[in-house]
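Presented below is the structure to which this report refers.
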Amino acid sequence: MADFVTLLQPRIVDRTGFEEFVEALDDQLPAIERDIAQLRGAPVDTATLARLFRALHTIKGDAAMCKVDFAVAIAHPLESLLARCRAGEIGFSDRIAELMLLTLDRLELALEALAEGRPLDALSLPRLVGGLESLANAPAAEIAARAGELIETVTGFRSVAARSATTATVPPAFPDPAVRSADLEFFASLAKRLDGVSPHFAGRNERLLQLALDTNAAAGTPIDPAQLAAAVHIHDIGMMFMPEAVWLKSGRLSETERAQIHDHPVLAAGLLERMPGWTAAAEMVRQHHEKPDGRGYPAGLKAEAICPGAKILAIVDAFEAVMLRHAHRGEKRSLIRAIAEINACDDQFCAEWIEPFNRVVRKMVES
């Protein structure tokens, strides 16, 4: 059984050893992710199961040797669970794959937080490891259900997502498809012009659009795709009405500059509100920086008052921002980091959309 004091109060015993473990883990994770993706398509591939088991065993051994005790506690039950898959006692399933990826994400994020002296409370490590230990010893027939319950317990999104997807209101169809198509082309051209401001933004709008539409589809398409597309195209257009020195600034913003930034959703929504048929998109744009706890802007709305489209937009916009911030690590590593950060920010995003978003992004990882 894990030492939960180690999980509640992890510490760096040997700085050199800690850094060596982090470096080794960085090297191992891409191959582990590929093996997990391969097993989702071929769950009885014994060679891949053996390779994945050895990788987890190596992580545990490296952690012990480098005195990173909380990583040992995290890796051990995953290794035990996979040993049962190798023995043919349980099947490797999508739920097990999702749980493994979630656990590895939390491990990596915990290492980063510990290195920077930040608290790890939001990662729910004791709850995750306790659940993994219980799951590793559960009857085979209960594995799938209990794995799903553990994911929901740690992340808090599964059951809420189902309720949201069935209760969200779909806006009425646009009265004139030709006008709708022309408007969307106009919105896309504005977004392309904005993306052209910096070489770092190349292809940004297309990526956001695809991710937003795919997340909506994964939840059963409760949001009108045309309205969502318009919101994606227009959500940052308000930035064009303020000096580039403000919205492209990489350092700390002054109070005046922050107030200017906080105006951009209102300015962008105002454009849509003046065009017939785009009221729903305008609402999404106006609210896409609101947060579930009411600490967002411009209105300080809480979760229940934020429209579903704005909730999607907030997640994909933040995901793209993290990808850009970590682009120097390579596409695979920046993708892993973006997934980890989105899933760890339980007070920044509305939980009911994290699960469909995760399904979409996992496909990106697998491909």
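Within each chain, counting starts at residue 1; across the structure tokens, chains are named A, B, ... in the order shown, with ligands numbered 1 upward in that order.
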Just the residues within 8 Å of Val316 in chain A, please, counting only C-alpha atoms, with nothing from its chain fewer than 4 positions along; format it as a list in words. Leu208, Leu211, Ala212, Ile312 and Glu320 of chain A
Write out as an mmCIF file with C-alpha atoms, in the first residue's frame the residues lying within 7 Å of range 69-79 of chain A, counting only C-alpha atoms and excluding same-chain residues fewer than 5 positions away.
```cif
data_model
loop_
_atom_site.group_PDB
_atom_site.id
_atom_site.type_symbol
_atom_site.label_atom_id
_atom_site.label_comp_id
_atom_site.auth_asym_id
_atom_site.auth_seq_id
_atom_site.Cartn_x
_atom_site.Cartn_y
_atom_site.Cartn_z
ATOM 1 C CA ALA A 2 1.246 3.478 -0.899
ATOM 2 C CA THR A 6 4.622 10.774 0.439
ATOM 3 C CA LEU A 7 1.772 11.654 -1.900
ATOM 4 C CA PRO A 10 6.209 14.979 -1.739
ATOM 5 C CA PHE A 53 5.036 -3.441 -18.706
ATOM 6 C CA LEU A 56 6.441 1.007 -16.299
ATOM 7 C CA HIS A 57 8.778 -1.255 -14.353
ATOM 8 C CA ILE A 59 9.926 4.082 -14.399
ATOM 9 C CA LYS A 60 9.335 2.584 -10.968
ATOM 10 C CA ALA A 63 12.128 6.558 -9.340
ATOM 11 C CA ALA A 64 13.342 4.346 -6.514
ATOM 12 C CA LEU A 107 2.890 12.298 -12.729
ATOM 13 C CA VAL A 129 -3.174 6.183 -6.301
ATOM 14 C CA LEU A 132 -5.395 2.504 -8.737
ATOM 15 C CA GLU A 133 -4.381 0.185 -5.898
ATOM 16 C CA ALA A 136 -5.344 -3.478 -9.424
#
```
Record the distance separating CA of Thr153 in chain A and CA of Pro119 in chain A, expressed in Å with one decimal.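 CA of Pro119 in chain A lies 19.9 Å from CA of Thr153 in chain A.
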Write out as a count of residues only all residues of range 186-304 of chain A that backbone DSSP assigns to helix (DSSP H, G or I). 76
For range 233-240 of chain A, list every protein, DNA or RNA residue within 8 Å, evaluated using only C-alpha atoms, and leave out those in the same chain fewer than 3 positions away; present the list as a ChimeraX atom specification. /A:187-188,190-191,194,205,209,229-230,243-244,247,261,263-269,285-286,288
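Pairwise distance (CA of Ala299 in chain A, CA of Ser198 in chain A) equals 29.3 Å.
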Can you tell me, as a list in words, what residues are no more than 9 Å from range 43-45 of chain A when counting only C-alpha atoms, ignoring any on the same chain fewer than 3 positions away? Gln38, Leu39, Arg40, Thr48, Leu49, Ala50, Cys85, Arg86, Gly88, Gly91, Phe92 and Ser93 of chain A
Written selection (N, CA and C atoms) as a CSV table (one decimal), in the first residue's frame:
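Produced file selection25.csv, reproduced below:
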```
chain,number,residue,atom,x,y,z
A,38,GLN,N,-1.3,1.7,-29.6
A,38,GLN,CA,-1.3,0.5,-30.3
A,38,GLN,C,-2.2,-0.6,-29.6
A,39,LEU,N,-2.1,-0.6,-28.3
A,39,LEU,CA,-2.9,-1.6,-27.6
A,39,LEU,C,-4.4,-1.3,-27.7
A,40,ARG,N,-4.8,0.0,-27.8
A,40,ARG,CA,-6.2,0.3,-28.0
A,40,ARG,C,-6.8,-0.4,-29.2
A,48,THR,N,3.6,-5.9,-27.4
A,48,THR,CA,3.4,-4.5,-26.9
A,48,THR,C,3.1,-4.5,-25.4
A,49,LEU,N,2.2,-5.4,-25.0
A,49,LEU,CA,1.9,-5.5,-23.5
A,49,LEU,C,3.2,-5.7,-22.7
A,50,ALA,N,4.1,-6.6,-23.2
A,50,ALA,CA,5.3,-6.8,-22.5
A,50,ALA,C,6.2,-5.6,-22.5
A,85,CYS,N,-3.1,-7.7,-17.1
A,85,CYS,CA,-3.4,-7.8,-18.6
A,85,CYS,C,-2.4,-8.7,-19.3
A,86,ARG,N,-1.2,-8.7,-18.9
A,86,ARG,CA,-0.2,-9.6,-19.5
A,86,ARG,C,-0.5,-11.1,-19.2
A,88,GLY,N,-3.4,-12.3,-19.0
A,88,GLY,CA,-4.7,-12.7,-19.6
A,88,GLY,C,-5.8,-12.7,-18.6
A,91,GLY,N,-8.7,-7.9,-19.7
A,91,GLY,CA,-8.4,-7.3,-21.1
A,91,GLY,C,-7.9,-5.9,-21.0
A,92,PHE,N,-7.0,-5.5,-21.9
A,92,PHE,CA,-6.6,-4.1,-22.0
A,92,PHE,C,-7.7,-3.4,-22.7
A,93,SER,N,-8.3,-2.4,-22.1
A,93,SER,CA,-9.5,-1.7,-22.6
A,93,SER,C,-9.2,-0.2,-22.8
```
If you count only C-alpha atoms, which residues fall within 12 Å of Leu301 in chain A, apart from same-chain ones fewer than 2 positions away, as JSON, numbers by chain? {"A": [286, 287, 288, 289, 290, 291, 292, 293, 294, 295, 296, 297, 298, 299, 303, 304, 305, 306, 307, 310, 311, 350]}
Residue subset to file, keeping N, CA and C atoms, as an mmCIF file, in the first residue's frame:
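So part-v8.cif came out as:
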```cif
data_model
loop_
_atom_site.group_PDB
_atom_site.id
_atom_site.type_symbol
_atom_site.label_atom_id
_atom_site.label_comp_id
_atom_site.auth_asym_id
_atom_site.auth_seq_id
_atom_site.Cartn_x
_atom_site.Cartn_y
_atom_site.Cartn_z
ATOM 1 N N ARG A 286 -18.608 36.599 -26.188
ATOM 2 C CA ARG A 286 -18.618 37.488 -25.024
ATOM 3 C C ARG A 286 -18.218 36.740 -23.752
ATOM 4 N N GLN A 287 -18.537 35.445 -23.662
ATOM 5 C CA GLN A 287 -18.344 34.698 -22.421
ATOM 6 C C GLN A 287 -17.118 33.780 -22.419
ATOM 7 N N HIS A 288 -16.310 33.783 -23.461
ATOM 8 C CA HIS A 288 -15.290 32.734 -23.551
ATOM 9 C C HIS A 288 -14.133 32.902 -22.577
ATOM 10 N N HIS A 289 -14.069 34.029 -21.865
ATOM 11 C CA HIS A 289 -13.065 34.184 -20.804
ATOM 12 C C HIS A 289 -13.698 34.172 -19.406
ATOM 13 N N GLU A 290 -14.956 33.792 -19.319
ATOM 14 C CA GLU A 290 -15.580 33.603 -18.012
ATOM 15 C C GLU A 290 -15.099 32.265 -17.432
ATOM 16 N N LYS A 291 -15.115 32.144 -16.105
ATOM 17 C CA LYS A 291 -14.650 30.927 -15.440
ATOM 18 C C LYS A 291 -15.724 30.392 -14.500
ATOM 19 N N PRO A 292 -15.742 29.070 -14.281
ATOM 20 C CA PRO A 292 -16.789 28.470 -13.448
ATOM 21 C C PRO A 292 -16.910 29.073 -12.058
ATOM 22 N N ASP A 293 -15.789 29.529 -11.489
ATOM 23 C CA ASP A 293 -15.833 30.066 -10.126
ATOM 24 C C ASP A 293 -16.156 31.554 -10.084
ATOM 25 N N GLY A 294 -16.438 32.158 -11.247
ATOM 26 C CA GLY A 294 -16.821 33.559 -11.284
ATOM 27 C C GLY A 294 -15.663 34.529 -11.356
ATOM 28 N N ARG A 295 -14.425 34.015 -11.508
ATOM 29 C CA ARG A 295 -13.259 34.899 -11.516
ATOM 30 C C ARG A 295 -12.818 35.297 -12.927
ATOM 31 N N GLY A 296 -13.663 35.012 -13.917
ATOM 32 C CA GLY A 296 -13.311 35.378 -15.282
ATOM 33 C C GLY A 296 -13.774 36.783 -15.636
ATOM 34 N N TYR A 297 -13.738 37.090 -16.914
ATOM 35 C CA TYR A 297 -14.172 38.414 -17.388
ATOM 36 C C TYR A 297 -14.911 38.241 -18.708
ATOM 37 N N PRO A 298 -15.740 39.218 -19.122
ATOM 38 C CA PRO A 298 -15.889 40.572 -18.553
ATOM 39 C C PRO A 298 -16.956 40.706 -17.462
ATOM 40 N N ALA A 299 -17.825 39.684 -17.299
ATOM 41 C CA ALA A 299 -18.974 39.854 -16.401
ATOM 42 C C ALA A 299 -18.849 39.088 -15.095
ATOM 43 N N ALA A 303 -20.412 29.147 -13.519
ATOM 44 C CA ALA A 303 -20.568 28.039 -14.464
ATOM 45 C C ALA A 303 -21.965 27.928 -15.052
ATOM 46 N N GLU A 304 -22.985 27.997 -14.184
ATOM 47 C CA GLU A 304 -24.341 27.774 -14.663
ATOM 48 C C GLU A 304 -24.826 28.858 -15.611
ATOM 49 N N ALA A 305 -24.179 30.018 -15.593
ATOM 50 C CA ALA A 305 -24.600 31.139 -16.438
ATOM 51 C C ALA A 305 -23.815 31.213 -17.745
ATOM 52 N N ILE A 306 -22.777 30.394 -17.892
ATOM 53 C CA ILE A 306 -21.938 30.436 -19.090
ATOM 54 C C ILE A 306 -22.522 29.491 -20.138
ATOM 55 N N CYS A 307 -22.665 29.967 -21.365
ATOM 56 C CA CYS A 307 -23.270 29.129 -22.409
ATOM 57 C C CYS A 307 -22.297 28.020 -22.832
ATOM 58 N N ALA A 310 -19.278 28.838 -25.192
ATOM 59 C CA ALA A 310 -18.186 29.576 -24.549
ATOM 60 C C ALA A 310 -17.311 28.633 -23.736
ATOM 61 N N LYS A 311 -17.913 27.607 -23.146
ATOM 62 C CA LYS A 311 -17.148 26.640 -22.351
ATOM 63 C C LYS A 311 -16.178 25.857 -23.243
ATOM 64 N N CYS A 350 -15.103 24.487 -17.390
ATOM 65 C CA CYS A 350 -16.328 23.795 -16.990
ATOM 66 C C CYS A 350 -16.163 22.300 -17.238
#
```
Distance in Å - CA of Asp183 in chain A versus CA of Thr279 in chain A: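 Computing the Euclidean distance for CA of Asp183 in chain A and CA of Thr279 in chain A yields 13.2 Å.
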What lies within 10 Å of Ala280 in chain A using only C-alpha atoms, ignoring chain neighbours under 4 positions off, as a PyMOL selection string? chain A and resi 170-172+223-224+226-228+230-231+269+272-273+284-285+307+309-310
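Compared by their closest atoms to Ala314 in chain A, and using only C-alpha atoms, the residues A:Phe186, A:Phe349, A:Phe201, A:Phe18 rank with A:Phe349 nearest.
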